[in-house]
$ cat query_8.cif   # mmCIF, N, CA and C atoms
data_coords
loop_
_atom_site.group_PDB
_atom_site.id
_atom_site.type_symbol
_atom_site.label_atom_id
_atom_site.label_comp_id
_atom_site.auth_asym_id
_atom_site.auth_seq_id
_atom_site.Cartn_x
_atom_site.Cartn_y
_atom_site.Cartn_z
ATOM 1 N N MET Z 1 0.794 -1.192 0.000
ATOM 2 C CA MET Z 1 0.000 0.000 0.000
ATOM 3 C C MET Z 1 0.843 1.265 0.000
ATOM 4 N N MET Z 2 2.118 1.100 -0.018
ATOM 5 C CA MET Z 2 3.006 2.261 -0.078
ATOM 6 C C MET Z 2 3.251 2.613 -1.535
ATOM 7 N N ALA Z 3 3.184 3.893 -1.826
ATOM 8 C CA ALA Z 3 3.448 4.352 -3.197
ATOM 9 C C ALA Z 3 4.920 4.169 -3.525
ATOM 10 N N ARG Z 4 5.199 3.945 -4.769
ATOM 11 C CA ARG Z 4 6.588 3.863 -5.216
ATOM 12 C C ARG Z 4 6.675 4.395 -6.633
ATOM 13 N N THR Z 5 7.851 4.821 -7.004
ATOM 14 C CA THR Z 5 8.045 5.371 -8.337
ATOM 15 C C THR Z 5 8.434 4.261 -9.310
ATOM 16 N N THR Z 6 8.110 4.491 -10.569
ATOM 17 C CA THR Z 6 8.502 3.579 -11.636
ATOM 18 C C THR Z 6 8.945 4.406 -12.829
ATOM 19 N N ASP Z 7 9.630 3.766 -13.752
ATOM 20 C CA ASP Z 7 10.088 4.462 -14.950
ATOM 21 C C ASP Z 7 8.979 4.631 -15.984
ATOM 22 N N HIS Z 8 7.986 3.709 -15.959
ATOM 23 C CA HIS Z 8 6.938 3.742 -16.971
ATOM 24 C C HIS Z 8 5.577 3.499 -16.322
ATOM 25 N N ALA Z 9 4.569 4.190 -16.835
ATOM 26 C CA ALA Z 9 3.203 3.953 -16.375
ATOM 27 C C ALA Z 9 2.719 2.611 -16.901
ATOM 28 N N PHE Z 10 1.805 1.988 -16.177
ATOM 29 C CA PHE Z 10 1.261 0.718 -16.630
ATOM 30 C C PHE Z 10 -0.227 0.684 -16.322
ATOM 31 N N SER Z 11 -0.901 -0.265 -16.913
ATOM 32 C CA SER Z 11 -2.320 -0.440 -16.697
ATOM 33 C C SER Z 11 -2.666 -1.887 -17.018
ATOM 34 N N GLY Z 12 -3.798 -2.312 -16.566
ATOM 35 C CA GLY Z 12 -4.257 -3.654 -16.864
ATOM 36 C C GLY Z 12 -5.652 -3.853 -16.320
ATOM 37 N N ASP Z 13 -6.378 -4.795 -16.895
ATOM 38 C CA ASP Z 13 -7.750 -5.051 -16.458
ATOM 39 C C ASP Z 13 -7.817 -5.552 -15.019
ATOM 40 N N ASP Z 14 -6.744 -6.125 -14.516
ATOM 41 C CA ASP Z 14 -6.764 -6.657 -13.154
ATOM 42 C C ASP Z 14 -6.171 -5.672 -12.134
ATOM 43 N N TRP Z 15 -5.961 -4.423 -12.515
ATOM 44 C CA TRP Z 15 -5.437 -3.398 -11.614
ATOM 45 C C TRP Z 15 -6.503 -2.336 -11.359
ATOM 46 N N ILE Z 16 -6.551 -1.864 -10.124
ATOM 47 C CA ILE Z 16 -7.438 -0.758 -9.753
ATOM 48 C C ILE Z 16 -6.547 0.350 -9.222
ATOM 49 N N PHE Z 17 -6.742 1.561 -9.709
ATOM 50 C CA PHE Z 17 -5.932 2.694 -9.293
ATOM 51 C C PHE Z 17 -6.795 3.688 -8.535
ATOM 52 N N GLU Z 18 -6.204 4.336 -7.558
ATOM 53 C CA GLU Z 18 -6.892 5.401 -6.839
ATOM 54 C C GLU Z 18 -5.985 6.613 -6.782
ATOM 55 N N PRO Z 19 -6.554 7.800 -6.738
ATOM 56 C CA PRO Z 19 -5.713 9.002 -6.695
ATOM 57 C C PRO Z 19 -5.018 9.149 -5.352
ATOM 58 N N LYS Z 20 -3.828 9.703 -5.376
ATOM 59 C CA LYS Z 20 -3.121 10.038 -4.142
ATOM 60 C C LYS Z 20 -3.610 11.407 -3.720
ATOM 61 N N LEU Z 21 -4.198 11.489 -2.533
ATOM 62 C CA LEU Z 21 -4.826 12.729 -2.087
ATOM 63 C C LEU Z 21 -3.933 13.564 -1.174
ATOM 64 N N ASP Z 22 -2.743 13.105 -0.867
ATOM 65 C CA ASP Z 22 -1.803 13.845 -0.036
ATOM 66 C C ASP Z 22 -2.324 14.014 1.389
ATOM 67 N N GLY Z 23 -2.710 12.894 1.993
ATOM 68 C CA GLY Z 23 -3.221 12.914 3.358
ATOM 69 C C GLY Z 23 -2.561 11.840 4.201
ATOM 70 N N TYR Z 24 -3.225 11.457 5.280
ATOM 71 C CA TYR Z 24 -2.755 10.393 6.163
ATOM 72 C C TYR Z 24 -3.652 9.182 5.991
ATOM 73 N N ARG Z 25 -3.057 8.027 5.718
ATOM 74 C CA ARG Z 25 -3.849 6.805 5.692
ATOM 75 C C ARG Z 25 -4.358 6.598 7.106
ATOM 76 N N THR Z 26 -5.646 6.357 7.213
ATOM 77 C CA THR Z 26 -6.287 6.225 8.510
ATOM 78 C C THR Z 26 -7.231 5.039 8.482
ATOM 79 N N ILE Z 27 -7.152 4.216 9.518
ATOM 80 C CA ILE Z 27 -8.056 3.085 9.651
ATOM 81 C C ILE Z 27 -8.959 3.374 10.843
ATOM 82 N N ALA Z 28 -10.263 3.386 10.590
ATOM 83 C CA ALA Z 28 -11.245 3.689 11.632
ATOM 84 C C ALA Z 28 -11.867 2.389 12.125
ATOM 85 N N PHE Z 29 -11.889 2.235 13.433
ATOM 86 C CA PHE Z 29 -12.540 1.101 14.069
ATOM 87 C C PHE Z 29 -13.729 1.653 14.843
ATOM 88 N N VAL Z 30 -14.931 1.239 14.459
ATOM 89 C CA VAL Z 30 -16.148 1.711 15.105
ATOM 90 C C VAL Z 30 -16.837 0.507 15.714
ATOM 91 N N ARG Z 31 -17.113 0.616 17.027
ATOM 92 C CA ARG Z 31 -17.793 -0.486 17.716
ATOM 93 C C ARG Z 31 -18.750 0.088 18.738
ATOM 94 N N ASN Z 32 -20.040 -0.113 18.494
ATOM 95 C CA ASN Z 32 -21.087 0.356 19.410
ATOM 96 C C ASN Z 32 -20.918 1.828 19.771
ATOM 97 N N GLY Z 33 -20.666 2.672 18.771
ATOM 98 C CA GLY Z 33 -20.546 4.110 18.997
ATOM 99 C C GLY Z 33 -19.190 4.583 19.477
ATOM 100 N N GLN Z 34 -18.269 3.683 19.741
ATOM 101 C CA GLN Z 34 -16.910 4.045 20.143
ATOM 102 C C GLN Z 34 -16.022 4.020 18.902
ATOM 103 N N VAL Z 35 -15.220 5.065 18.728
ATOM 104 C CA VAL Z 35 -14.393 5.197 17.530
ATOM 105 C C VAL Z 35 -12.920 5.283 17.913
ATOM 106 N N THR Z 36 -12.093 4.532 17.204
ATOM 107 C CA THR Z 36 -10.640 4.649 17.315
ATOM 108 C C THR Z 36 -10.096 4.829 15.905
ATOM 109 N N LEU Z 37 -9.287 5.856 15.722
ATOM 110 C CA LEU Z 37 -8.635 6.113 14.439
ATOM 111 C C LEU Z 37 -7.155 5.791 14.588
ATOM 112 N N ARG Z 38 -6.635 4.985 13.688
ATOM 113 C CA ARG Z 38 -5.227 4.586 13.767
ATOM 114 C C ARG Z 38 -4.505 4.914 12.471
ATOM 115 N N SER Z 39 -3.229 5.288 12.608
ATOM 116 C CA SER Z 39 -2.373 5.506 11.446
ATOM 117 C C SER Z 39 -1.966 4.151 10.887
ATOM 118 N N ARG Z 40 -1.308 4.158 9.734
ATOM 119 C CA ARG Z 40 -0.918 2.885 9.124
ATOM 120 C C ARG Z 40 0.078 2.119 9.981
ATOM 121 N N ASN Z 41 0.798 2.805 10.885
ATOM 122 C CA ASN Z 41 1.723 2.097 11.768
ATOM 123 C C ASN Z 41 1.124 1.829 13.140
ATOM 124 N N GLY Z 42 -0.201 2.039 13.272
ATOM 125 C CA GLY Z 42 -0.902 1.672 14.490
ATOM 126 C C GLY Z 42 -1.021 2.751 15.544
ATOM 127 N N LYS Z 43 -0.506 3.940 15.287
ATOM 128 C CA LYS Z 43 -0.577 5.025 16.260
ATOM 129 C C LYS Z 43 -2.018 5.532 16.378
ATOM 130 N N ASP Z 44 -2.477 5.728 17.609
ATOM 131 C CA ASP Z 44 -3.830 6.231 17.838
ATOM 132 C C ASP Z 44 -3.897 7.701 17.440
ATOM 133 N N MET Z 45 -4.758 8.010 16.469
ATOM 134 C CA MET Z 45 -4.895 9.363 15.939
ATOM 135 C C MET Z 45 -6.266 9.971 16.266
ATOM 136 N N THR Z 46 -7.029 9.329 17.131
ATOM 137 C CA THR Z 46 -8.404 9.747 17.401
ATOM 138 C C THR Z 46 -8.471 11.195 17.883
ATOM 139 N N GLU Z 47 -7.612 11.577 18.809
ATOM 140 C CA GLU Z 47 -7.646 12.946 19.339
ATOM 141 C C GLU Z 47 -7.162 13.969 18.322
ATOM 142 N N LYS Z 48 -6.388 13.546 17.335
ATOM 143 C CA LYS Z 48 -5.894 14.453 16.300
ATOM 144 C C LYS Z 48 -6.940 14.709 15.221
ATOM 145 N N MET Z 49 -7.962 13.859 15.156
ATOM 146 C CA MET Z 49 -8.991 13.966 14.119
ATOM 147 C C MET Z 49 -10.393 13.923 14.738
ATOM 148 N N PRO Z 50 -10.701 14.863 15.633
ATOM 149 C CA PRO Z 50 -11.985 14.783 16.345
ATOM 150 C C PRO Z 50 -13.212 14.907 15.447
ATOM 151 N N ALA Z 51 -13.143 15.680 14.376
ATOM 152 C CA ALA Z 51 -14.304 15.834 13.494
ATOM 153 C C ALA Z 51 -14.634 14.513 12.788
ATOM 154 N N ILE Z 52 -13.610 13.792 12.366
ATOM 155 C CA ILE Z 52 -13.836 12.505 11.707
ATOM 156 C C ILE Z 52 -14.413 11.512 12.709
ATOM 157 N N ALA Z 53 -13.837 11.461 13.902
ATOM 158 C CA ALA Z 53 -14.330 10.543 14.933
ATOM 159 C C ALA Z 53 -15.793 10.834 15.259
ATOM 160 N N GLN Z 54 -16.151 12.108 15.383
ATOM 161 C CA GLN Z 54 -17.525 12.486 15.703
ATOM 162 C C GLN Z 54 -18.491 12.028 14.610
ATOM 163 N N GLU Z 55 -18.127 12.224 13.358
ATOM 164 C CA GLU Z 55 -18.991 11.785 12.259
ATOM 165 C C GLU Z 55 -19.196 10.272 12.283
ATOM 166 N N LEU Z 56 -18.130 9.539 12.569
ATOM 167 C CA LEU Z 56 -18.223 8.079 12.553
ATOM 168 C C LEU Z 56 -19.045 7.541 13.722
ATOM 169 N N ARG Z 57 -19.116 8.282 14.817
ATOM 170 C CA ARG Z 57 -19.922 7.838 15.961
ATOM 171 C C ARG Z 57 -21.401 7.721 15.590
ATOM 172 N N GLY Z 58 -21.827 8.437 14.573
ATOM 173 C CA GLY Z 58 -23.223 8.417 14.163
ATOM 174 C C GLY Z 58 -23.601 7.280 13.227
ATOM 175 N N LEU Z 59 -22.654 6.428 12.876
ATOM 176 C CA LEU Z 59 -22.970 5.316 11.974
ATOM 177 C C LEU Z 59 -23.942 4.347 12.636
ATOM 178 N N LEU Z 60 -24.843 3.798 11.851
ATOM 179 C CA LEU Z 60 -25.843 2.880 12.372
ATOM 180 C C LEU Z 60 -25.288 1.479 12.612
ATOM 181 N N GLU Z 61 -24.217 1.127 11.916
ATOM 182 C CA GLU Z 61 -23.638 -0.202 12.084
ATOM 183 C C GLU Z 61 -23.083 -0.338 13.501
ATOM 184 N N SER Z 62 -23.225 -1.506 14.096
ATOM 185 C CA SER Z 62 -22.705 -1.693 15.448
ATOM 186 C C SER Z 62 -21.201 -1.939 15.458
ATOM 187 N N GLU Z 63 -20.677 -2.464 14.335
ATOM 188 C CA GLU Z 63 -19.233 -2.710 14.260
ATOM 189 C C GLU Z 63 -18.793 -2.616 12.804
ATOM 190 N N ILE Z 64 -17.763 -1.798 12.560
ATOM 191 C CA ILE Z 64 -17.281 -1.609 11.193
ATOM 192 C C ILE Z 64 -15.820 -1.151 11.241
ATOM 193 N N VAL Z 65 -15.062 -1.514 10.206
ATOM 194 C CA VAL Z 65 -13.688 -1.044 10.037
ATOM 195 C C VAL Z 65 -13.635 -0.346 8.678
ATOM 196 N N ILE Z 66 -13.108 0.879 8.672
ATOM 197 C CA ILE Z 66 -13.022 1.661 7.436
ATOM 198 C C ILE Z 66 -11.564 2.028 7.205
ATOM 199 N N ASP Z 67 -11.046 1.710 6.034
ATOM 200 C CA ASP Z 67 -9.676 2.036 5.648
ATOM 201 C C ASP Z 67 -9.754 3.182 4.644
ATOM 202 N N GLY Z 68 -9.160 4.328 4.981
ATOM 203 C CA GLY Z 68 -9.254 5.475 4.088
ATOM 204 C C GLY Z 68 -8.082 6.418 4.239
ATOM 205 N N GLU Z 69 -8.234 7.587 3.658
ATOM 206 C CA GLU Z 69 -7.201 8.615 3.714
ATOM 207 C C GLU Z 69 -7.823 9.907 4.230
ATOM 208 N N ALA Z 70 -7.301 10.412 5.333
ATOM 209 C CA ALA Z 70 -7.784 11.674 5.893
ATOM 210 C C ALA Z 70 -7.073 12.817 5.184
ATOM 211 N N VAL Z 71 -7.859 13.782 4.699
ATOM 212 C CA VAL Z 71 -7.296 14.932 3.999
ATOM 213 C C VAL Z 71 -7.923 16.214 4.534
ATOM 214 N N ALA Z 72 -7.225 17.310 4.336
ATOM 215 C CA ALA Z 72 -7.760 18.645 4.611
ATOM 216 C C ALA Z 72 -7.819 19.377 3.282
ATOM 217 N N LEU Z 73 -8.962 19.992 2.999
ATOM 218 C CA LEU Z 73 -9.132 20.707 1.740
ATOM 219 C C LEU Z 73 -8.917 22.198 1.957
ATOM 220 N N ASP Z 74 -8.198 22.825 1.037
ATOM 221 C CA ASP Z 74 -7.958 24.265 1.126
ATOM 222 C C ASP Z 74 -9.172 25.038 0.623
ATOM 223 N N GLU Z 75 -9.050 26.339 0.538
ATOM 224 C CA GLU Z 75 -10.173 27.194 0.131
ATOM 225 C C GLU Z 75 -10.647 26.928 -1.304
ATOM 226 N N ARG Z 76 -9.794 26.276 -2.102
ATOM 227 C CA ARG Z 76 -10.177 25.924 -3.478
ATOM 228 C C ARG Z 76 -10.747 24.511 -3.571
ATOM 229 N N GLY Z 77 -10.796 23.809 -2.428
ATOM 230 C CA GLY Z 77 -11.296 22.440 -2.420
ATOM 231 C C GLY Z 77 -10.259 21.409 -2.801
ATOM 232 N N LEU Z 78 -8.973 21.797 -2.764
ATOM 233 C CA LEU Z 78 -7.887 20.885 -3.121
ATOM 234 C C LEU Z 78 -7.212 20.360 -1.859
ATOM 235 N N PRO Z 79 -6.757 19.102 -1.868
ATOM 236 C CA PRO Z 79 -6.063 18.565 -0.704
ATOM 237 C C PRO Z 79 -4.786 19.346 -0.415
ATOM 238 N N SER Z 80 -4.541 19.607 0.877
ATOM 239 C CA SER Z 80 -3.342 20.331 1.299
ATOM 240 C C SER Z 80 -2.728 19.604 2.490
ATOM 241 N N PHE Z 81 -1.553 18.990 2.266
ATOM 242 C CA PHE Z 81 -0.890 18.270 3.351
ATOM 243 C C PHE Z 81 -0.453 19.231 4.457
ATOM 244 N N GLY Z 82 0.011 20.416 4.095
ATOM 245 C CA GLY Z 82 0.399 21.410 5.096
ATOM 246 C C GLY Z 82 -0.771 21.816 5.970
ATOM 247 N N LEU Z 83 -1.932 22.016 5.379
ATOM 248 C CA LEU Z 83 -3.133 22.358 6.132
ATOM 249 C C LEU Z 83 -3.537 21.205 7.036
ATOM 250 N N LEU Z 84 -3.424 19.981 6.556
ATOM 251 C CA LEU Z 84 -3.744 18.808 7.373
ATOM 252 C C LEU Z 84 -2.828 18.739 8.586
ATOM 253 N N GLN Z 85 -1.531 18.932 8.373
ATOM 254 C CA GLN Z 85 -0.592 18.910 9.492
ATOM 255 C C GLN Z 85 -0.916 20.013 10.498
ATOM 256 N N HIS Z 86 -1.237 21.191 10.006
ATOM 257 C CA HIS Z 86 -1.598 22.314 10.887
ATOM 258 C C HIS Z 86 -2.858 21.969 11.690
ATOM 259 N N THR Z 87 -3.872 21.445 11.015
ATOM 260 C CA THR Z 87 -5.133 21.092 11.657
ATOM 261 C C THR Z 87 -4.929 20.046 12.742
ATOM 262 N N MET Z 88 -4.017 19.118 12.516
ATOM 263 C CA MET Z 88 -3.773 18.041 13.472
ATOM 264 C C MET Z 88 -2.748 18.423 14.533
ATOM 265 N N GLY Z 89 -2.209 19.629 14.463
ATOM 266 C CA GLY Z 89 -1.249 20.065 15.472
ATOM 267 C C GLY Z 89 0.167 19.601 15.235
ATOM 268 N N PHE Z 90 0.483 19.152 14.010
ATOM 269 C CA PHE Z 90 1.837 18.689 13.700
ATOM 270 C C PHE Z 90 2.714 19.791 13.121
ATOM 271 N N ASP Z 91 2.161 20.970 12.900
ATOM 272 C CA ASP Z 91 2.891 22.076 12.311
ATOM 273 C C ASP Z 91 3.696 22.758 13.403
ATOM 274 N N ARG Z 92 4.982 22.465 13.483
ATOM 275 C CA ARG Z 92 5.819 23.000 14.558
ATOM 276 C C ARG Z 92 5.890 24.521 14.549
ATOM 277 N N SER Z 93 5.851 25.133 13.371
ATOM 278 C CA SER Z 93 5.948 26.574 13.317
ATOM 279 C C SER Z 93 4.737 27.234 13.973
ATOM 280 N N VAL Z 94 3.616 26.538 13.981
ATOM 281 C CA VAL Z 94 2.421 27.065 14.638
ATOM 282 C C VAL Z 94 2.398 26.651 16.096
ATOM 283 N N SER Z 95 2.689 25.371 16.393
ATOM 284 C CA SER Z 95 2.560 24.876 17.758
ATOM 285 C C SER Z 95 3.635 25.431 18.687
ATOM 286 N N GLU Z 96 4.759 25.918 18.165
ATOM 287 C CA GLU Z 96 5.809 26.425 19.025
ATOM 288 C C GLU Z 96 5.661 27.912 19.310
ATOM 289 N N ARG Z 97 4.708 28.568 18.666
ATOM 290 C CA ARG Z 97 4.503 29.978 18.940
ATOM 291 C C ARG Z 97 3.881 30.146 20.316
ATOM 292 N N PRO Z 98 4.247 31.229 21.034
ATOM 293 C CA PRO Z 98 3.607 31.445 22.328
ATOM 294 C C PRO Z 98 2.141 31.803 22.137
ATOM 295 N N PRO Z 99 1.265 31.446 23.108
ATOM 296 C CA PRO Z 99 -0.142 31.762 22.956
ATOM 297 C C PRO Z 99 -0.376 33.260 22.905
ATOM 298 N N GLY Z 100 -1.484 33.636 22.233
ATOM 299 C CA GLY Z 100 -1.871 35.050 22.183
ATOM 300 C C GLY Z 100 -1.354 35.694 21.010
#
$ encode --input "query_8.cif" --output "structure tokens"
Amino acid sequence: MMARTTDHAFSGDDWIFEPKLDGYRTIAFVRNGQVTLRSRNGKDMTEKMPAIAQELRGLLESEIVIDGEAVALDERGLPSFGLLQHTMGFDRSVSERPPG
């Protein structure tokens, strides 16, 4: 599931391609209204993505696992990795500033 570069593009009837959205791969575990969001290496990201967790709490299914990519869209509706990092508190230039 990790992207890699190649010298030539390829295609085939037995291949499915998806766009790279420039986000974080996130696996959501929903069980009886409880949500846990994990990164691809298993790190708990639930507190970093509260809006996603809140939306998933409303699912009618009692138990579900969703594998997806969390993205932040800029004012033009385009994915922005920098905005995603800022939103999740990973932007050191923002988080290291004194409050106020």
$ closest_residue --input "query_8.cif" --among "Z:Arg25, Z:Gln34, Z:Leu83, Z:Pro19" --to "Gly58 (chain Z)" --atoms "only N, CA and C atoms"
Z:Gln34
$ residues_around --input "query_8.cif" --residues "Ala3 (chain Z)" --least-positions-apart "4" --cutoff "12 Å" --atoms "only C-alpha atoms" --output "JSON, numbers by chain"
{"Z": [17, 18, 19, 20, 21, 22, 25]}
$ atom_distance --input "query_8.cif" --atom1 "CA of Leu56 (chain Z)" --atom2 "CA of Ile16 (chain Z)"
26.3 Å
$ atom_distance --input "query_8.cif" --atom1 "CA of Ser39 (chain Z)" --atom2 "atom C of His86 (chain Z)"
16.5 Å
$ atom_distance --input "query_8.cif" --atom1 "atom C of Met45 (chain Z)" --atom2 "CA of Asn32 (chain Z)"
17.9 Å
$ resolve_selection --input "query_8.cif" --expression "the PyMOL selection byres ((chain Z and resi 59-63) around 6)" --output "list of chain:residue names"
Z:Val30, Z:Arg31, Z:Asn32, Z:Gly33, Z:Glu55, Z:Leu56, Z:Arg57, Z:Gly58, Z:Ile64, Z:Val65
$ residues_around --input "query_8.cif" --residues "Ile27 (chain Z)" --least-positions-apart "3" --cutoff "9 Å" --atoms "only C-alpha atoms" --output "PyMOL selection string"
chain Z and resi 36-40+42+65-69
$ select_by_dssp --input "query_8.cif" --residues "chain Z" --states "alpha helix (DSSP H)" --output "PDB file with N, CA and C atoms, in the coordinates of the input"
ATOM      1  N   PRO Z  50     -10.701  14.863  15.633  1.00  0.00           N
ATOM      2  CA  PRO Z  50     -11.985  14.783  16.345  1.00  0.00           C
ATOM      3  C   PRO Z  50     -13.212  14.907  15.447  1.00  0.00           C
ATOM      4  N   ALA Z  51     -13.143  15.680  14.376  1.00  0.00           N
ATOM      5  CA  ALA Z  51     -14.304  15.834  13.494  1.00  0.00           C
ATOM      6  C   ALA Z  51     -14.634  14.513  12.788  1.00  0.00           C
ATOM      7  N   ILE Z  52     -13.610  13.792  12.366  1.00  0.00           N
ATOM      8  CA  ILE Z  52     -13.836  12.505  11.707  1.00  0.00           C
ATOM      9  C   ILE Z  52     -14.413  11.512  12.709  1.00  0.00           C
ATOM     10  N   ALA Z  53     -13.837  11.461  13.902  1.00  0.00           N
ATOM     11  CA  ALA Z  53     -14.330  10.543  14.933  1.00  0.00           C
ATOM     12  C   ALA Z  53     -15.793  10.834  15.259  1.00  0.00           C
ATOM     13  N   GLN Z  54     -16.151  12.108  15.383  1.00  0.00           N
ATOM     14  CA  GLN Z  54     -17.525  12.486  15.703  1.00  0.00           C
ATOM     15  C   GLN Z  54     -18.491  12.028  14.610  1.00  0.00           C
ATOM     16  N   GLU Z  55     -18.127  12.224  13.358  1.00  0.00           N
ATOM     17  CA  GLU Z  55     -18.991  11.785  12.259  1.00  0.00           C
ATOM     18  C   GLU Z  55     -19.196  10.272  12.283  1.00  0.00           C
ATOM     19  N   LEU Z  56     -18.130   9.539  12.569  1.00  0.00           N
ATOM     20  CA  LEU Z  56     -18.223   8.079  12.553  1.00  0.00           C
ATOM     21  C   LEU Z  56     -19.045   7.541  13.722  1.00  0.00           C
ATOM     22  N   ARG Z  57     -19.116   8.282  14.817  1.00  0.00           N
ATOM     23  CA  ARG Z  57     -19.922   7.838  15.961  1.00  0.00           C
ATOM     24  C   ARG Z  57     -21.401   7.721  15.590  1.00  0.00           C
ATOM     25  N   PHE Z  81      -1.553  18.990   2.266  1.00  0.00           N
ATOM     26  CA  PHE Z  81      -0.890  18.270   3.351  1.00  0.00           C
ATOM     27  C   PHE Z  81      -0.453  19.231   4.457  1.00  0.00           C
ATOM     28  N   GLY Z  82       0.011  20.416   4.095  1.00  0.00           N
ATOM     29  CA  GLY Z  82       0.399  21.410   5.096  1.00  0.00           C
ATOM     30  C   GLY Z  82      -0.771  21.816   5.970  1.00  0.00           C
ATOM     31  N   LEU Z  83      -1.932  22.016   5.379  1.00  0.00           N
ATOM     32  CA  LEU Z  83      -3.133  22.358   6.132  1.00  0.00           C
ATOM     33  C   LEU Z  83      -3.537  21.205   7.036  1.00  0.00           C
ATOM     34  N   LEU Z  84      -3.424  19.981   6.556  1.00  0.00           N
ATOM     35  CA  LEU Z  84      -3.744  18.808   7.373  1.00  0.00           C
ATOM     36  C   LEU Z  84      -2.828  18.739   8.586  1.00  0.00           C
ATOM     37  N   GLN Z  85      -1.531  18.932   8.373  1.00  0.00           N
ATOM     38  CA  GLN Z  85      -0.592  18.910   9.492  1.00  0.00           C
ATOM     39  C   GLN Z  85      -0.916  20.013  10.498  1.00  0.00           C
ATOM     40  N   HIS Z  86      -1.237  21.191  10.006  1.00  0.00           N
ATOM     41  CA  HIS Z  86      -1.598  22.314  10.887  1.00  0.00           C
ATOM     42  C   HIS Z  86      -2.858  21.969  11.690  1.00  0.00           C
ATOM     43  N   THR Z  87      -3.872  21.445  11.015  1.00  0.00           N
ATOM     44  CA  THR Z  87      -5.133  21.092  11.657  1.00  0.00           C
ATOM     45  C   THR Z  87      -4.929  20.046  12.742  1.00  0.00           C
ATOM     46  N   ARG Z  92       4.982  22.465  13.483  1.00  0.00           N
ATOM     47  CA  ARG Z  92       5.819  23.000  14.558  1.00  0.00           C
ATOM     48  C   ARG Z  92       5.890  24.521  14.549  1.00  0.00           C
ATOM     49  N   SER Z  93       5.851  25.133  13.371  1.00  0.00           N
ATOM     50  CA  SER Z  93       5.948  26.574  13.317  1.00  0.00           C
ATOM     51  C   SER Z  93       4.737  27.234  13.973  1.00  0.00           C
ATOM     52  N   VAL Z  94       3.616  26.538  13.981  1.00  0.00           N
ATOM     53  CA  VAL Z  94       2.421  27.065  14.638  1.00  0.00           C
ATOM     54  C   VAL Z  94       2.398  26.651  16.096  1.00  0.00           C
ATOM     55  N   SER Z  95       2.689  25.371  16.393  1.00  0.00           N
ATOM     56  CA  SER Z  95       2.560  24.876  17.758  1.00  0.00           C
ATOM     57  C   SER Z  95       3.635  25.431  18.687  1.00  0.00           C
TER      58      SER Z  95
END
$ select_by_dssp --input "query_8.cif" --residues "chain Z" --states "strand (DSSP E)" --output "number ranges by chain"
Z: 24-31, 34-39, 63-70
$ closest_residue --input "query_8.cif" --among "Z:Val35, Z:Phe29, Z:Arg76, Z:Asp14" --to "Glu47 (chain Z)" --atoms "only C-alpha atoms"
Z:Val35
$ build_atoms --input "query_8.cif" --residues "region 62-72 of chain Z" --atoms "N, CA, C and O atoms" --output "PDB file, keeping the file's coordinate frame"
ATOM      1  N   SER Z  62     -23.225  -1.506  14.096  1.00  0.00           N
ATOM      2  CA  SER Z  62     -22.705  -1.693  15.448  1.00  0.00           C
ATOM      3  C   SER Z  62     -21.201  -1.939  15.458  1.00  0.00           C
ATOM      4  O   SER Z  62     -20.529  -1.643  16.443  1.00  0.00           O
ATOM      5  N   GLU Z  63     -20.677  -2.464  14.335  1.00  0.00           N
ATOM      6  CA  GLU Z  63     -19.233  -2.710  14.260  1.00  0.00           C
ATOM      7  C   GLU Z  63     -18.793  -2.616  12.804  1.00  0.00           C
ATOM      8  O   GLU Z  63     -19.375  -3.257  11.927  1.00  0.00           O
ATOM      9  N   ILE Z  64     -17.763  -1.798  12.560  1.00  0.00           N
ATOM     10  CA  ILE Z  64     -17.281  -1.609  11.193  1.00  0.00           C
ATOM     11  C   ILE Z  64     -15.820  -1.151  11.241  1.00  0.00           C
ATOM     12  O   ILE Z  64     -15.394  -0.497  12.193  1.00  0.00           O
ATOM     13  N   VAL Z  65     -15.062  -1.514  10.206  1.00  0.00           N
ATOM     14  CA  VAL Z  65     -13.688  -1.044  10.037  1.00  0.00           C
ATOM     15  C   VAL Z  65     -13.635  -0.346   8.678  1.00  0.00           C
ATOM     16  O   VAL Z  65     -14.088  -0.903   7.674  1.00  0.00           O
ATOM     17  N   ILE Z  66     -13.108   0.879   8.672  1.00  0.00           N
ATOM     18  CA  ILE Z  66     -13.022   1.661   7.436  1.00  0.00           C
ATOM     19  C   ILE Z  66     -11.564   2.028   7.205  1.00  0.00           C
ATOM     20  O   ILE Z  66     -10.917   2.597   8.079  1.00  0.00           O
ATOM     21  N   ASP Z  67     -11.046   1.710   6.034  1.00  0.00           N
ATOM     22  CA  ASP Z  67      -9.676   2.036   5.648  1.00  0.00           C
ATOM     23  C   ASP Z  67      -9.754   3.182   4.644  1.00  0.00           C
ATOM     24  O   ASP Z  67     -10.381   3.043   3.597  1.00  0.00           O
ATOM     25  N   GLY Z  68      -9.160   4.328   4.981  1.00  0.00           N
ATOM     26  CA  GLY Z  68      -9.254   5.475   4.088  1.00  0.00           C
ATOM     27  C   GLY Z  68      -8.082   6.418   4.239  1.00  0.00           C
ATOM     28  O   GLY Z  68      -7.077   6.090   4.873  1.00  0.00           O
ATOM     29  N   GLU Z  69      -8.234   7.587   3.658  1.00  0.00           N
ATOM     30  CA  GLU Z  69      -7.201   8.615   3.714  1.00  0.00           C
ATOM     31  C   GLU Z  69      -7.823   9.907   4.230  1.00  0.00           C
ATOM     32  O   GLU Z  69      -8.781  10.411   3.645  1.00  0.00           O
ATOM     33  N   ALA Z  70      -7.301  10.412   5.333  1.00  0.00           N
ATOM     34  CA  ALA Z  70      -7.784  11.674   5.893  1.00  0.00           C
ATOM     35  C   ALA Z  70      -7.073  12.817   5.184  1.00  0.00           C
ATOM     36  O   ALA Z  70      -5.847  12.813   5.056  1.00  0.00           O
ATOM     37  N   VAL Z  71      -7.859  13.782   4.699  1.00  0.00           N
ATOM     38  CA  VAL Z  71      -7.296  14.932   3.999  1.00  0.00           C
ATOM     39  C   VAL Z  71      -7.923  16.214   4.534  1.00  0.00           C
ATOM     40  O   VAL Z  71      -8.997  16.195   5.118  1.00  0.00           O
ATOM     41  N   ALA Z  72      -7.225  17.310   4.336  1.00  0.00           N
ATOM     42  CA  ALA Z  72      -7.760  18.645   4.611  1.00  0.00           C
ATOM     43  C   ALA Z  72      -7.819  19.377   3.282  1.00  0.00           C
ATOM     44  O   ALA Z  72      -6.856  19.368   2.515  1.00  0.00           O
TER      45      ALA Z  72
END
